[in-house]
Amino acid sequence: MIRYAVLGSGSSGNAYVFSDGADSIIVDNGFSRAELIRRCDAAGADWDTVRAVFVTHMHPDHCRGVGTLARKDGFPVFISAVAGKLCTPELARMAVPGGQLNTIDEGEERPVGGFRVRCFYTSHDSSGSVGYRIDHKQGCFCIVTDTGCFDERMVGAALESDVLFLESNYEPRMLKSGPYPPPLKKRIDGRFGHLSNEQAKDFLVRCGFYRDPGTDIQGQLCYNQPDCRVRRVYLVHLSSTNNSVELLRSRYSSLGDRLYVCPKGEMACGVLGGQ
């Protein structure tokens, strides 16, 4: 059995934990060490079982607390190979001690206890940003966030997963009419920004997890995969200004508890697999 949790999602701080009881891994940490430990405990993940931290990218809401974990707990930290080459200032601020910083590239696999971790590059304005596929004998997880567009590699990783964490950052009409200045709107809506609600929906259609009742089903059949493995989806990294939890819950109400919308800053816990 694997206990997993979105420990927090959004600009106030991002983190995930995956634990099989003997070993745990953390993806991202935008919180203080004390707050992360509190959230792991609430999720049923024993802090003494944490073995490594994987980072999606170098924006502070994802990595501001990573260096502290490395220095105080001695955890190895994994970043993408591209980030390792191009993010020198950010790595200096993170201050991971020598010997604890590791890189991972597409096509590589990093075993941590009973987990096997792989990455795929995403399209974001942080060099070397990645998503992760996390395999275990009890099941598979996929994290697709902080990307302005998606491609077949991301869809392929999701199709092989039991649980998908997918960015659904903004509602286009809310962003367009909202208070953000034009340059920020352009950045969010651009190729190196974030996935909109519409893009997230298209991603779920491509995975065969969802069929939009408002579209021509016949025209969408080529995108639906009958062997879709995904059991549950968590929509994450929602903007509190340009999105609405209620809007997304209403939009996907037909999916019941197969899809969960994660409010900004709140936790969402789950269990996968048997004893």
# chains A, B, ... in the order shown; residues from 1 in each chain; ligands from 1
>>> select_by_dssp(residues="region 14-81 of chain A", states="strand (DSSP E)", output="NGL selection string")
:A and (15-19 or 24-27 or 50-54 or 77-80)
>>> closest_atom_pairs(of="region 184-264 of chain A", to="region 138-142 of chain A", cutoff="12 Å", atoms="only C-alpha atoms", output="tab-separated table")
residue	atom	partner	partner_atom	distance
A:Arg229	CA	A:Cys140	CA	9.6
A:Val230	CA	A:Phe141	CA	9.0
A:Arg231	CA	A:Phe141	CA	10.4
A:Arg232	CA	A:Phe141	CA	9.9
A:Val233	CA	A:Cys142	CA	9.7
A:Tyr234	CA	A:Cys142	CA	10.3
>>> closest_residue(among="A:His136, A:Arg51, A:Arg206, A:Arg251", to="Arg3 (chain A)", atoms="only C-alpha atoms")
A:His136
>>> select_by_dssp(residues="region 170-216 of chain A", states="alpha helix (DSSP H)", output="PDB file with C-alpha atoms, in the first residue's frame")
ATOM      1  CA  PRO A 172      -9.024  31.888 -19.928  1.00  0.00           C
ATOM      2  CA  ARG A 173     -11.954  34.302 -19.649  1.00  0.00           C
ATOM      3  CA  MET A 174     -11.095  35.050 -16.015  1.00  0.00           C
ATOM      4  CA  LEU A 175      -7.457  35.690 -16.872  1.00  0.00           C
ATOM      5  CA  LYS A 176      -8.426  37.950 -19.775  1.00  0.00           C
ATOM      6  CA  SER A 177     -10.783  40.113 -17.716  1.00  0.00           C
ATOM      7  CA  PRO A 182      -0.810  42.500 -19.640  1.00  0.00           C
ATOM      8  CA  PRO A 183       2.798  41.168 -19.481  1.00  0.00           C
ATOM      9  CA  LEU A 184       1.865  38.749 -16.681  1.00  0.00           C
ATOM     10  CA  LYS A 185      -1.264  37.632 -18.534  1.00  0.00           C
ATOM     11  CA  LYS A 186       0.852  36.985 -21.605  1.00  0.00           C
ATOM     12  CA  ARG A 187       3.367  34.999 -19.574  1.00  0.00           C
ATOM     13  CA  ILE A 188       0.718  32.805 -17.927  1.00  0.00           C
ATOM     14  CA  ASP A 189      -1.097  32.194 -21.215  1.00  0.00           C
ATOM     15  CA  ASN A 197      -8.567  24.689 -17.730  1.00  0.00           C
ATOM     16  CA  GLU A 198      -9.199  24.085 -21.430  1.00  0.00           C
ATOM     17  CA  GLN A 199      -5.745  22.599 -21.961  1.00  0.00           C
ATOM     18  CA  ALA A 200      -6.165  20.384 -18.911  1.00  0.00           C
ATOM     19  CA  LYS A 201      -9.493  19.174 -20.284  1.00  0.00           C
ATOM     20  CA  ASP A 202      -7.848  18.423 -23.637  1.00  0.00           C
ATOM     21  CA  PHE A 203      -5.138  16.487 -21.816  1.00  0.00           C
ATOM     22  CA  LEU A 204      -7.755  14.352 -20.043  1.00  0.00           C
ATOM     23  CA  VAL A 205      -9.541  13.754 -23.349  1.00  0.00           C
ATOM     24  CA  ARG A 206      -6.259  12.662 -24.937  1.00  0.00           C
TER      25      ARG A 206
END
>>> closest_residue(among="A:Val155, A:Ala45, A:Leu69, A:Val144", to="Tyr4 (chain A)", atoms="only C-alpha atoms")
A:Ala45
>>> closest_residue(among="A:Ile104, A:Ala22, A:Gly13, A:Val53", to="Glu35 (chain A)", atoms="only C-alpha atoms")
A:Gly13
>>> atom_distance(atom1="CA of Ala15 (chain A)", atom2="CA of Gly193 (chain A)")
19.2 Å
>>> atom_distance(atom1="CA of Arg110 (chain A)", atom2="CA of Asp73 (chain A)")
19.8 Å
>>> closest_atom_pairs(of="region 9-75 of chain A", to="region 115-118 of chain A", cutoff="12 Å", atoms="only C-alpha atoms", output="Markdown table")
| residue | atom | partner | partner_atom | distance |
| --- | --- | --- | --- | --- |
| A:Val17 | CA | A:Phe115 | CA | 12.0 |
| A:Phe18 | CA | A:Phe115 | CA | 9.0 |
| A:Ser19 | CA | A:Phe115 | CA | 9.0 |
| A:Asp20 | CA | A:Phe115 | CA | 8.7 |
| A:Gly21 | CA | A:Phe115 | CA | 11.7 |
| A:Ala22 | CA | A:Phe115 | CA | 10.7 |
| A:Asp23 | CA | A:Phe115 | CA | 8.2 |
| A:Ser24 | CA | A:Phe115 | CA | 8.5 |
| A:Ile25 | CA | A:Phe115 | CA | 8.2 |
| A:Ile26 | CA | A:Val117 | CA | 11.2 |
| A:Val27 | CA | A:Val117 | CA | 10.5 |
| A:Val50 | CA | A:Phe115 | CA | 11.8 |
| A:Arg51 | CA | A:Phe115 | CA | 10.4 |
| A:Ala52 | CA | A:Phe115 | CA | 10.7 |
| A:Val53 | CA | A:Val117 | CA | 11.0 |
| A:Phe54 | CA | A:Val117 | CA | 9.0 |
| A:Val55 | CA | A:Val117 | CA | 11.7 |
| A:Thr56 | CA | A:Arg118 | CA | 11.5 |
>>> write_last_selection(atoms="N, CA and C atoms", output="short mmCIF file (atom, residue, chain, number, x, y, z; two decimals), in the first residue's frame")
data_model
loop_
_atom_site.label_atom_id
_atom_site.label_comp_id
_atom_site.auth_asym_id
_atom_site.auth_seq_id
_atom_site.Cartn_x
_atom_site.Cartn_y
_atom_site.Cartn_z
N VAL A 17 4.14 13.95 -1.40
CA VAL A 17 4.86 12.87 -0.74
C VAL A 17 4.26 11.54 -1.17
N PHE A 18 5.14 10.53 -1.31
CA PHE A 18 4.74 9.17 -1.67
C PHE A 18 5.45 8.23 -0.71
N SER A 19 4.71 7.34 -0.03
CA SER A 19 5.30 6.50 1.00
C SER A 19 4.72 5.09 0.95
N ASP A 20 5.60 4.10 0.99
CA ASP A 20 5.13 2.71 1.07
C ASP A 20 5.29 2.14 2.48
N GLY A 21 5.59 3.03 3.43
CA GLY A 21 5.77 2.61 4.82
C GLY A 21 7.21 2.43 5.21
N ALA A 22 7.99 1.89 4.28
CA ALA A 22 9.42 1.70 4.53
C ALA A 22 10.24 2.86 3.99
N ASP A 23 9.82 3.39 2.84
CA ASP A 23 10.54 4.48 2.19
C ASP A 23 9.54 5.52 1.69
N SER A 24 9.98 6.78 1.73
CA SER A 24 9.15 7.88 1.23
C SER A 24 10.00 8.80 0.37
N ILE A 25 9.38 9.39 -0.63
CA ILE A 25 10.06 10.41 -1.44
C ILE A 25 9.18 11.65 -1.48
N ILE A 26 9.83 12.79 -1.58
CA ILE A 26 9.16 14.07 -1.65
C ILE A 26 9.45 14.68 -3.01
N VAL A 27 8.43 15.26 -3.62
CA VAL A 27 8.62 16.03 -4.85
C VAL A 27 8.29 17.48 -4.54
N VAL A 50 11.73 9.26 4.92
CA VAL A 50 12.03 10.07 3.73
C VAL A 50 13.46 9.80 3.27
N ARG A 51 13.62 9.50 1.99
CA ARG A 51 14.93 9.12 1.45
C ARG A 51 15.51 10.12 0.46
N ALA A 52 14.64 10.90 -0.22
CA ALA A 52 15.15 11.80 -1.26
C ALA A 52 14.10 12.84 -1.60
N VAL A 53 14.57 13.94 -2.20
CA VAL A 53 13.70 15.01 -2.66
C VAL A 53 13.96 15.23 -4.15
N PHE A 54 12.90 15.25 -4.95
CA PHE A 54 12.99 15.53 -6.38
C PHE A 54 12.35 16.89 -6.64
N VAL A 55 12.97 17.68 -7.50
CA VAL A 55 12.52 19.05 -7.76
C VAL A 55 12.05 19.17 -9.21
N THR A 56 10.87 19.75 -9.42
CA THR A 56 10.37 19.92 -10.78
C THR A 56 11.06 21.09 -11.48
#
>>> residues_around(residues="region 37-41 of chain A", least_positions_apart="5", cutoff="7 Å", atoms="only C-alpha atoms", output="MDAnalysis selection string")
chainID A and resid 7 46:47
>>> residues_around(residues="region 92-95 of chain A", least_positions_apart="4", cutoff="8 Å", atoms="only C-alpha atoms", output="VMD selection string")
chain A and resid 63 to 64 66 to 67 88
>>> residues_around(residues="Val82 (chain A)", least_positions_apart="2", cutoff="7 Å", atoms="only C-alpha atoms", output="MDAnalysis selection string")
chainID A and resid 80 84:86 127:128
>>> residues_around(residues="Thr145 (chain A)", least_positions_apart="2", cutoff="9 Å", atoms="only C-alpha atoms", output="list of chain:residue names")
A:Thr56, A:Thr122, A:Val130, A:Gly131, A:Ile143, A:Thr147, A:Gly148, A:Phe165, A:Leu166, A:Glu167, A:Ser168, A:Asn169, A:His194, A:Leu195, A:Val236, A:His237
